[in-house]
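Asks: Input file: target_23.txt. Contents: compact mmCIF, C-alpha atoms.
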# COMPACT_ATOMS: atom_id res chain seq x y z
CA MET A 1 -112.24 87.84 21.77
CA SER A 2 -111.54 88.99 18.27
CA LEU A 3 -108.49 89.38 16.10
CA ALA A 4 -106.14 92.32 16.53
CA PRO A 5 -107.43 95.24 14.44
CA ASP A 6 -104.11 95.61 12.65
CA LEU A 7 -103.76 91.92 11.72
CA LYS A 8 -105.43 92.42 8.36
CA GLN A 9 -103.08 95.30 7.54
CA ARG A 10 -100.08 93.24 8.63
CA VAL A 11 -101.16 90.33 6.42
CA LEU A 12 -101.80 92.55 3.42
CA ALA A 13 -98.52 94.44 3.94
CA ALA A 14 -96.56 91.18 4.24
CA ALA A 15 -98.16 89.89 1.04
CA ALA A 16 -97.44 93.13 -0.80
CA ALA A 17 -93.81 93.05 0.35
CA LYS A 18 -93.25 89.58 -1.05
CA PRO A 19 -94.60 89.26 -4.60
CA ALA A 20 -95.91 85.80 -5.46
CA PRO A 21 -96.31 84.33 -8.96
CA THR A 22 -99.77 84.62 -10.48
CA ARG A 23 -101.67 81.70 -12.00
CA GLY A 24 -100.44 82.56 -15.48
CA GLN A 25 -96.80 82.72 -14.37
CA THR A 26 -97.14 79.46 -12.43
CA THR A 27 -98.73 77.70 -15.39
CA ARG A 28 -95.97 78.88 -17.74
CA ALA A 29 -93.24 77.80 -15.29
CA ARG A 30 -94.84 74.36 -14.94
CA LEU A 31 -95.19 74.03 -18.68
CA VAL A 32 -91.50 74.81 -19.23
CA LEU A 33 -90.50 72.33 -16.52
CA PHE A 34 -92.69 69.55 -17.91
CA VAL A 35 -91.65 70.12 -21.51
CA ALA A 36 -88.00 69.95 -20.40
CA ALA A 37 -88.66 66.78 -18.38
CA ILE A 38 -90.51 65.06 -21.22
CA ALA A 39 -87.83 66.13 -23.70
CA GLY A 40 -85.22 64.65 -21.34
CA ALA A 41 -87.18 61.39 -21.06
CA LEU A 42 -87.55 61.17 -24.84
CA THR A 43 -83.83 61.86 -25.28
CA ILE A 44 -82.99 58.96 -22.97
CA PHE A 45 -85.51 56.78 -24.81
CA PHE A 46 -84.01 57.51 -28.23
CA ILE A 47 -80.42 57.18 -26.97
CA LYS A 48 -81.39 53.69 -25.78
CA GLY A 49 -82.72 52.78 -29.22
CA GLY A 50 -86.19 54.35 -29.52
CA VAL A 51 -89.06 52.32 -30.99
CA ARG A 52 -87.99 48.71 -31.54
CA MET A 53 -90.30 46.44 -33.46
CA THR A 54 -88.05 43.38 -33.00
CA ASN A 55 -90.25 40.63 -34.49
CA ARG A 56 -93.57 42.12 -33.39
CA PRO A 57 -96.30 42.65 -35.99
CA PRO A 58 -97.08 46.37 -36.40
CA LEU A 59 -100.68 45.73 -35.33
CA LEU A 60 -99.49 44.25 -32.03
CA VAL A 61 -97.25 47.26 -31.37
CA ALA A 62 -100.09 49.62 -32.25
CA LEU A 63 -102.60 47.79 -30.05
CA THR A 64 -100.36 47.52 -26.99
CA SER A 65 -99.18 51.13 -27.36
CA VAL A 66 -102.62 52.64 -27.88
CA GLY A 67 -104.05 50.56 -25.03
CA THR A 68 -101.17 51.48 -22.75
CA ALA A 69 -101.54 55.15 -23.73
CA ILE A 70 -105.25 55.12 -22.88
CA LEU A 71 -104.76 53.28 -19.59
CA SER A 72 -101.79 55.47 -18.62
CA GLY A 73 -103.77 58.56 -19.56
CA VAL A 74 -106.73 57.53 -17.44
CA GLY A 75 -104.40 56.59 -14.57
CA MET A 76 -102.54 59.90 -14.74
CA TYR A 77 -105.82 61.82 -14.93
CA LEU A 78 -107.09 60.08 -11.80
CA LEU A 79 -103.79 60.49 -9.97
CA PHE A 80 -103.03 64.10 -10.91
CA THR A 81 -106.40 65.85 -10.95
CA ARG A 82 -108.19 67.27 -7.97
CA ARG A 83 -111.64 66.33 -6.79
CA GLY A 84 -114.48 68.56 -7.87
CA ARG A 85 -114.05 72.19 -6.88
CA SER A 86 -111.58 71.36 -4.16
CA MET A 87 -108.03 72.67 -4.19
CA LEU A 88 -107.02 69.50 -2.40
CA ARG A 89 -106.26 66.12 -3.82
CA ARG A 90 -108.24 62.93 -3.63
CA PRO A 91 -108.01 60.72 -0.51
CA GLY A 92 -104.94 58.51 -0.12
CA LEU A 93 -106.94 55.29 -0.42
CA TRP A 94 -108.50 56.56 -3.64
CA LEU A 95 -105.05 57.34 -5.06
CA LEU A 96 -103.77 53.91 -4.07
CA LEU A 97 -106.68 52.16 -5.79
CA ALA A 98 -106.27 54.31 -8.92
CA ALA A 99 -102.54 53.47 -9.10
CA LEU A 100 -103.09 49.76 -8.51
CA GLY A 101 -106.05 49.56 -10.90
CA SER A 102 -104.19 51.34 -13.70
CA THR A 103 -101.10 49.17 -13.24
CA VAL A 104 -103.06 45.90 -13.22
CA ALA A 105 -105.05 47.03 -16.27
CA PHE A 106 -101.86 47.96 -18.12
CA VAL A 107 -100.15 44.60 -17.43
CA SER A 108 -103.31 42.67 -18.27
CA TRP A 109 -103.65 44.53 -21.57
CA LYS A 110 -100.01 44.07 -22.55
CA PHE A 111 -100.07 40.37 -21.67
CA GLY A 112 -103.54 39.72 -23.11
CA VAL A 113 -102.91 41.32 -26.51
CA SER A 114 -99.43 39.78 -26.79
CA ALA A 115 -100.80 36.34 -25.88
CA ALA A 116 -103.44 36.71 -28.59
CA PHE A 117 -100.59 37.18 -31.07
CA GLY A 118 -98.73 34.21 -29.53
CA MET A 119 -95.98 36.45 -28.17
CA ALA A 120 -96.23 36.06 -24.41
CA GLN A 121 -93.67 33.31 -24.09
CA SER A 122 -90.43 33.43 -22.12
CA TRP A 123 -87.46 35.29 -23.62
CA PRO A 124 -84.22 33.74 -22.36
CA GLY A 125 -81.74 36.42 -21.39
CA ARG A 126 -84.40 39.15 -21.09
CA VAL A 127 -85.08 39.07 -17.36
CA GLY A 128 -86.28 42.66 -17.26
CA PHE A 129 -83.45 44.66 -15.72
CA LYS A 130 -82.96 46.78 -18.86
CA CYS A 131 -86.67 47.67 -18.89
CA LEU A 132 -86.53 48.38 -15.18
CA ARG A 133 -83.63 50.78 -15.65
CA LEU A 134 -85.15 52.52 -18.69
CA SER A 135 -88.55 52.88 -16.98
CA ILE A 136 -87.03 54.45 -13.89
CA LEU A 137 -84.79 56.77 -15.89
CA THR A 138 -87.56 58.02 -18.18
CA GLY A 139 -90.10 58.26 -15.34
CA ALA A 140 -87.84 60.05 -12.88
CA LEU A 141 -87.63 63.29 -14.87
CA PRO A 142 -91.41 63.94 -15.11
CA LEU A 143 -91.72 62.85 -11.48
CA PHE A 144 -89.23 65.45 -10.29
CA ALA A 145 -90.86 68.06 -12.54
CA ALA A 146 -94.19 67.33 -10.82
CA LEU A 147 -92.68 67.37 -7.34
CA VAL A 148 -90.89 70.66 -7.96
CA SER A 149 -93.95 72.23 -9.62
CA TRP A 150 -96.24 71.38 -6.71
CA ARG A 151 -93.74 71.89 -3.88
CA GLY A 152 -95.19 73.23 -0.65
CA THR A 153 -98.79 72.84 -1.78
CA ASP A 154 -100.09 69.77 0.03
CA PRO A 155 -101.13 70.39 3.62
CA LEU A 156 -102.85 67.02 3.99
CA THR A 157 -101.15 64.00 2.47
CA PRO A 158 -97.84 64.98 0.84
CA ALA A 159 -96.47 61.43 0.85
CA ALA A 160 -99.62 60.00 -0.79
CA THR A 161 -99.63 62.79 -3.36
CA GLY A 162 -95.92 62.20 -4.08
CA ALA A 163 -96.63 58.48 -4.48
CA ALA A 164 -99.48 59.29 -6.87
CA PHE A 165 -97.15 61.50 -8.90
CA GLY A 166 -94.59 58.64 -8.94
CA ALA A 167 -97.17 56.10 -10.07
CA GLY A 168 -98.39 58.53 -12.74
CA ALA A 169 -94.83 59.08 -13.99
CA GLY A 170 -94.32 55.29 -13.96
CA LEU A 171 -97.43 54.77 -16.07
CA GLY A 172 -96.18 57.42 -18.51
CA SER A 173 -92.78 55.75 -18.80
CA ALA A 174 -94.56 52.40 -19.30
CA LEU A 175 -95.84 53.76 -22.60
CA LEU A 176 -92.33 54.54 -23.85
CA VAL A 177 -90.90 51.25 -22.63
CA ASP A 178 -93.75 49.37 -24.28
CA LEU A 179 -92.60 50.77 -27.64
CA TRP A 180 -89.08 49.60 -26.84
CA CYS A 181 -89.66 46.15 -25.36
CA PRO A 182 -91.28 43.23 -27.22
CA VAL A 183 -91.38 40.89 -24.21
CA ALA A 184 -94.77 40.11 -22.63
CA TYR A 185 -93.68 37.19 -20.44
CA VAL A 186 -95.33 37.76 -17.07
CA PRO A 187 -92.22 37.54 -14.80
CA HIS A 188 -90.49 39.99 -17.16
CA LEU A 189 -93.49 42.34 -17.08
CA LEU A 190 -93.55 42.26 -13.29
CA LEU A 191 -89.85 43.02 -12.94
CA GLY A 192 -89.29 45.36 -15.86
CA HIS A 193 -92.64 47.13 -16.23
CA VAL A 194 -94.54 46.93 -12.93
CA LEU A 195 -91.73 47.20 -10.39
CA PRO A 196 -90.56 50.58 -11.78
CA ILE A 197 -94.06 52.00 -11.18
CA GLY A 198 -93.72 50.86 -7.56
CA VAL A 199 -90.17 52.20 -7.30
CA LEU A 200 -91.19 55.59 -8.70
CA ALA A 201 -94.23 55.67 -6.38
CA ALA A 202 -91.99 54.94 -3.39
CA LEU A 203 -89.51 57.59 -4.52
CA GLY A 204 -92.38 60.04 -5.02
CA ALA A 205 -93.69 59.31 -1.52
CA LEU A 206 -90.27 59.80 0.02
CA VAL A 207 -89.37 63.01 -1.78
CA GLY A 208 -92.98 64.22 -1.79
CA TRP A 209 -93.18 64.03 1.97
CA ARG A 210 -90.26 66.46 2.16
CA LEU A 211 -91.05 68.63 -0.82
CA LEU A 212 -94.84 68.83 -1.08
CA ARG A 213 -95.77 69.43 2.55
CA VAL A 214 -96.69 72.84 3.87
CA ARG A 215 -94.19 73.92 6.48
CA SER A 216 -94.59 76.31 9.39
CA ARG A 217 -92.76 79.54 8.85
CA MET B 218 -118.00 89.05 -5.06
CA ASN B 219 -117.69 85.91 -2.90
CA ALA B 220 -114.45 84.58 -1.42
CA ASP B 221 -113.97 81.95 -4.15
CA ASP B 222 -114.24 84.54 -6.92
CA ALA B 223 -112.01 86.95 -4.98
CA MET B 224 -109.29 84.29 -4.54
CA SER B 225 -109.56 83.43 -8.20
CA ARG B 226 -109.06 87.10 -9.10
CA TYR B 227 -106.15 87.33 -6.69
CA ALA B 228 -104.60 84.29 -8.38
CA ARG B 229 -104.87 86.13 -11.69
CA GLY B 230 -102.97 89.09 -10.21
CA ASP B 231 -105.70 91.40 -8.86
CA ASP B 232 -103.96 92.29 -5.57
CA ALA B 233 -106.93 94.22 -4.18
CA ALA B 234 -108.99 91.02 -4.05
CA PHE B 235 -106.87 89.58 -1.20
CA ALA B 236 -108.56 91.92 1.30
CA ILE B 237 -111.94 90.43 0.31
CA VAL B 238 -110.58 86.92 0.82
CA TYR B 239 -109.25 87.94 4.24
CA ASP B 240 -112.56 89.44 5.34
CA ALA B 241 -114.45 86.29 4.35
CA VAL B 242 -112.02 83.66 5.60
CA ALA B 243 -110.23 85.09 8.67
CA PRO B 244 -113.29 85.15 10.99
CA ARG B 245 -114.09 81.52 10.10
CA LEU B 246 -110.53 80.44 10.83
CA GLU B 247 -110.50 82.41 14.05
CA GLY B 248 -113.55 80.63 15.46
CA TYR B 249 -112.09 77.25 14.62
CA LEU B 250 -108.60 77.98 15.94
CA ARG B 251 -109.80 79.54 19.20
CA ARG B 252 -111.42 76.25 20.17
CA HIS B 253 -108.05 74.54 19.99
CA LEU B 254 -105.32 76.98 20.90
CA ARG B 255 -104.31 79.00 23.88
CA GLY B 256 -104.20 82.73 23.54
CA SER B 257 -104.70 85.20 20.76
CA ALA B 258 -101.03 85.27 19.78
CA GLN B 259 -101.05 81.67 18.54
CA VAL B 260 -104.36 82.12 16.73
CA GLU B 261 -103.17 85.28 14.99
CA ASP B 262 -99.83 83.73 14.16
CA ILE B 263 -101.52 80.78 12.44
CA ILE B 264 -103.97 83.02 10.59
CA GLN B 265 -101.06 85.12 9.34
CA GLN B 266 -99.11 82.02 8.30
CA THR B 267 -102.17 80.63 6.52
CA PHE B 268 -102.73 83.80 4.51
CA MET B 269 -99.06 84.03 3.62
CA GLN B 270 -99.18 80.43 2.38
CA MET B 271 -102.27 81.24 0.31
CA HIS B 272 -100.47 84.29 -1.04
CA ASP B 273 -97.27 82.37 -1.88
CA LYS B 274 -99.22 79.66 -3.69
CA ARG B 275 -101.88 81.84 -5.26
CA GLY B 276 -100.62 80.78 -8.66
CA THR B 277 -101.74 77.21 -7.92
CA PHE B 278 -105.31 78.24 -7.08
CA SER B 279 -107.55 76.79 -9.79
CA ALA B 280 -110.27 78.87 -11.41
CA GLY B 281 -113.63 77.97 -9.84
CA ALA B 282 -112.09 76.22 -6.82
CA GLU B 283 -113.33 76.70 -3.25
CA VAL B 284 -111.10 78.78 -1.01
CA LEU B 285 -112.53 77.91 2.41
CA PRO B 286 -111.63 74.18 2.56
CA TRP B 287 -108.18 75.07 1.22
CA ALA B 288 -107.65 77.72 3.88
CA PHE B 289 -108.92 75.40 6.62
CA SER B 290 -106.64 72.57 5.58
CA ILE B 291 -103.62 74.89 5.63
CA ALA B 292 -104.60 76.42 8.97
CA ARG B 293 -105.26 72.99 10.46
CA ASN B 294 -101.86 71.83 9.28
CA PHE B 295 -100.17 74.77 11.02
CA MET B 296 -102.36 74.28 14.09
CA ILE B 297 -101.35 70.63 14.43
CA ASP B 298 -97.68 71.65 14.09
CA THR B 299 -98.13 74.27 16.78
CA MET B 300 -99.96 71.88 19.07
CA ARG B 301 -97.21 69.30 18.70
CA LYS B 302 -94.59 71.90 19.55
CA THR B 303 -96.45 73.16 22.60
CA LYS B 304 -97.99 69.85 23.64
CA ARG B 305 -96.47 69.75 27.10
CA GLU B 306 -97.42 73.24 28.17
CA ALA B 307 -100.81 73.09 26.43
CA SER B 308 -101.88 70.03 28.38
CA ALA B 309 -101.52 71.93 31.65
CA ASP B 310 -104.28 74.47 31.13
CA LEU B 311 -106.92 74.24 28.46
CA THR B 312 -109.87 75.44 30.49
CA ASP B 313 -111.03 78.17 28.11
CA GLU B 314 -110.68 76.04 25.01
CA ARG B 315 -112.43 73.09 26.67
CA THR B 316 -115.27 75.32 27.80
CA ALA B 317 -115.72 76.71 24.29
CA MET B 318 -115.66 73.23 22.81
CA GLY B 319 -118.13 71.96 25.42
CA ALA B 320 -120.52 74.82 24.64
CA MET B 321 -120.36 74.07 20.94
CA LEU B 322 -120.98 70.36 21.50
CA VAL B 323 -123.87 70.92 23.87
CA SER B 324 -125.56 73.30 21.44
CA ARG B 325 -125.29 70.75 18.63
CA VAL B 326 -126.36 67.48 20.15
CA ALA B 327 -129.44 68.44 22.08
CA ASN B 328 -132.56 70.55 21.97
CA GLY B 329 -135.06 72.04 24.44
CA GLU B 330 -135.05 70.15 27.68
CA GLU B 331 -132.11 68.15 26.50
CA VAL B 332 -130.05 71.36 26.39
CA LEU B 333 -130.64 71.95 30.08
CA GLN B 334 -129.64 68.42 30.94
CA ALA B 335 -126.74 68.48 28.56
CA ARG B 336 -125.42 71.66 30.16
CA GLN B 337 -125.34 69.81 33.46
CA THR B 338 -123.43 67.02 31.85
CA GLY B 339 -121.06 69.19 29.86
CA ALA B 340 -118.00 67.57 31.33
CA ARG B 341 -119.32 64.11 30.52
CA VAL B 342 -120.11 65.08 26.92
CA LEU B 343 -116.74 66.71 26.55
CA ALA B 344 -114.99 63.66 27.97
CA ALA B 345 -116.86 61.45 25.49
CA PHE B 346 -115.86 63.80 22.67
CA GLU B 347 -112.23 63.83 23.72
CA ALA B 348 -112.20 60.04 23.81
CA LEU B 349 -112.92 59.95 20.08
CA THR B 350 -110.17 59.91 17.48
CA GLU B 351 -108.76 63.22 16.27
CA HIS B 352 -110.16 62.50 12.81
CA GLN B 353 -113.68 61.89 14.12
CA ARG B 354 -113.56 65.05 16.24
CA ALA B 355 -112.34 67.14 13.32
CA ALA B 356 -115.02 65.78 10.97
CA TYR B 357 -117.72 66.61 13.48
CA GLU B 358 -116.32 70.02 14.32
CA LEU B 359 -115.96 71.13 10.70
CA THR B 360 -119.49 70.10 9.76
CA GLU B 361 -121.32 71.06 12.95
CA GLY B 362 -119.10 73.79 14.33
CA GLU B 363 -118.05 75.45 11.08
CA GLY B 364 -121.13 74.62 9.02
CA MET B 365 -119.14 73.02 6.20
CA SER B 366 -120.77 70.58 3.80
CA HIS B 367 -119.70 66.95 3.96
CA ALA B 368 -117.76 67.43 0.73
CA GLU B 369 -115.90 70.47 2.08
CA ALA B 370 -115.04 68.72 5.34
CA ALA B 371 -113.91 65.64 3.44
CA SER B 372 -111.66 67.85 1.36
CA VAL B 373 -110.13 69.51 4.43
CA LEU B 374 -109.49 66.16 6.09
CA GLY B 375 -108.32 64.31 2.99
CA THR B 376 -111.03 61.69 3.26
CA THR B 377 -114.23 60.73 1.46
CA VAL B 378 -117.73 62.14 1.95
CA THR B 379 -118.79 58.73 3.24
CA GLY B 380 -115.89 58.83 5.71
CA VAL B 381 -117.10 62.16 7.08
CA LYS B 382 -120.68 60.90 7.35
CA LEU B 383 -119.50 57.82 9.22
CA CYS B 384 -117.44 59.95 11.61
CA ARG B 385 -120.41 62.22 12.28
CA HIS B 386 -122.64 59.23 12.91
CA LYS B 387 -120.16 57.76 15.39
CA VAL B 388 -119.71 61.08 17.20
CA ASN B 389 -123.47 61.67 17.42
CA LYS B 390 -123.96 58.17 18.78
CA ARG B 391 -121.21 58.58 21.36
CA LEU B 392 -122.43 61.99 22.53
CA ARG B 393 -126.04 60.85 22.76
CA SER B 394 -125.07 57.82 24.79
CA ALA B 395 -123.10 60.10 27.13
CA ILE B 396 -126.24 62.19 27.67
CA GLU B 397 -128.43 59.12 28.11
CA GLU B 398 -126.06 57.69 30.68
CA ARG B 399 -126.32 60.95 32.59
CA GLU B 400 -130.13 60.86 32.39
CA GLN B 401 -130.21 57.32 33.69
CA ARG B 402 -128.02 58.29 36.60
CA VAL B 403 -130.25 61.28 37.40
CA ALA B 404 -133.35 59.07 37.18
CA ALA B 405 -131.78 56.46 39.42
CA ALA B 406 -130.55 58.99 42.02
CA PRO B 407 -133.84 59.52 44.08
CA SER B 408 -134.35 55.79 44.64
CA ALA B 409 -130.68 55.33 45.47
CA ALA B 410 -130.69 57.92 48.25
CA PRO B 411 -133.19 56.20 50.61
CA ALA B 412 -131.43 52.92 50.02
CA GLY B 413 -128.25 54.55 51.15
CA ASP B 414 -130.01 55.89 54.30
CA ARG B 415 -131.12 52.50 55.43
Go through the file and emit its structure as structure tokens.
Replies:
Amino acid sequence: MSLAPDLKQRVLAAAAAKPAPTRGQTTRARLVLFVAAIAGALTIFFIKGGVRMTNRPPLLVALTSVGTAILSGVGMYLLFTRRGRSMLRRPGLWLLLAALGSTVAFVSWKFGVSAAFGMAQSWPGRVGFKCLRLSILTGALPLFAALVSWRGTDPLTPAATGAAFGAGAGLGSALLVDLWCPVAYVPHLLLGHVLPIGVLAALGALVGWRLLRVRSR
Amino acid sequence: MNADDAMSRYARGDDAAFAIVYDAVAPRLEGYLRRHLRGSAQVEDIIQQTFMQMHDKRGTFSAGAEVLPWAFSIARNFMIDTMRKTKREASADLTDERTAMGAMLVSRVANGEEVLQARQTGARVLAAFEALTEHQRAAYELTEGEGMSHAEAASVLGTTVTGVKLCRHKVNKRLRSAIEEREQRVAAAPSAAPAGDR
């Protein structure tokens, strides 16, 4: 058996009848969406007070921020990029390990550097809910930009990819919140800085499963 | 121009390149889909859906990426959807598909004299194959049946290269033991017959 002789013509005619964006158009649309999302996240960040030194030495702020930026950057690279020449994303287990590894490294860095400066003690009244809220708010916009940009493109593991996007957005927002929050007390870090990465990953998995999967026509 | 380059050009807006992609990819998809689905209509429907998906998302195709694993993963996704929808009716009659799968398996696991014996035990080999997990079967089929590299198959299945190698190893082991069991039965048969006569 072989395919119907006119199938190729039908496919080509259907494609010609429904123009699809080219790579250049897609890249520009994604860029606009991401710039808008990051601008939105920065707006929220500055409305909430922007960079706050509190009583932190500038060197401590610089070290935690640069370290967080590097770790978040590596985490986002691992979570967002594809493997080799494949159009498909990395395996789910790989994504999970990358998200967990980046998060643990980020918390360890923030706590370790702050402890070296003697600033990892408890802060009464700073449980972490404000950081939790700010992290989720600033991370949600890039997350939705990613989910919308890549909608309908994952035929394999849309939920895992969505979770990876969520974890990546959470790591990005961790950088902003680190500039805002001087507290490095471990229970605070877990509630205000780690939990939002998990929340955004869960949100990404949930929405990603709906939005990223390839549907039958 | 190969299929990867053609898809890359199509992603940049060269509409004529899509025909080259079709010519390179459609026959590969057809062979794979025919082993799983009933009738040409379903196969053609999935091929058409796959190419329309590739067309719709051409803007996401990265320069230098491989088109075949991408196309297979999309087609496999649609195929699984279709199989779920038609599960009840499909289970009633899969003779042609099972025969095609059995032929492919037999040709891959054995050689020379083994082929002859394996042909006689086609049903046994097929039963052993069908007892494996869907993931193991797919890994084996993509590498042996479709000639994909371990990396390409891993990409289609969303797993690691090591995962594909492990699946292949398990499938080979299971199929070989099915053939060996058959050989042992054949070898034991002549001595069993007189015993039965007594």
Asks: Within 9 Å of stretch 222-227 of chain B, counting only C-alpha atoms, which residues qualify if same-chain residues fewer than 3 places away don't, as a PyMOL selection string?
Replies: (chain A and resi 22-23) or (chain B and resi 218-219+230-238+272+275-276+278-284)
Asks: Would you pick out the contacts of stretch 171-180 of chain A at 10 Å or less, using all atoms listed in the file, so that residues sharing its chain but fewer than 4 positions from it are not included, and give the list as a VMD selection string?
Replies: chain A and resid 38 41 to 42 45 to 46 48 to 54 61 to 62 64 to 76 99 102 to 103 106 to 107 110 130 to 132 134 to 143 165 to 167 184 192 to 194 196 to 197 200
Asks: Residues of chain B within 9 Å of chain A, counting all atoms listed in the file, what are they? List them as an MDAnalysis selection string.
Replies: chainID B and resid 225 227:230 232 235:236 239:240 243:244 247 257 260:261 263:266 268:270 272:284 286:287 290:295 298:299 368:369 371:377
Asks: To one decimal place in Å, what is the distance between atom CA of A:Val32 and atom CA of A:Leu147?
Replies: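 Atom CA of A:Val32 sits 14.1 Å away from atom CA of A:Leu147.
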Asks: Counting all atoms listed in the file, find residues at most 12 Å from (-96.8, 37.4, -13.6) (file frame) and give them as an MDAnalysis selection string.
Replies: chainID A and resid 104 107:108 110:112 120:122 184:195
Asks: Calculate how many Å separate atom CA of B:Met296 from atom CA of B:Met271, rounding to one decimal.
Replies: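 About the pair atom CA of B:Met296 and atom CA of B:Met271: they are 15.4 Å apart.
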Asks: Find the distance between atom CA of B:Glu351 and atom CA of A:Ala164 and write it in Å to one decimal.
Replies: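 Calculated distance between atom CA of B:Glu351 and atom CA of A:Ala164 is 25.2 Å.
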Asks: Point out the residue among B:Lys382, B:Lys387, B:His367, B:Arg354 with the least atom-to-atom distance to B:Leu322, counting all atoms listed in the file.
Replies: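 Closest residue, counting all atoms listed in the file: B:Arg354.
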Asks: Mind checking which residues fall within 7 Å of stretch 393-407 of chain B, counting all atoms listed in the file, ignoring those fewer than 5 positions away in the same chain, and posting them as a list in words?
Replies: Ala335, Thr338, Arg341, Val342 and Ala345 of chain B
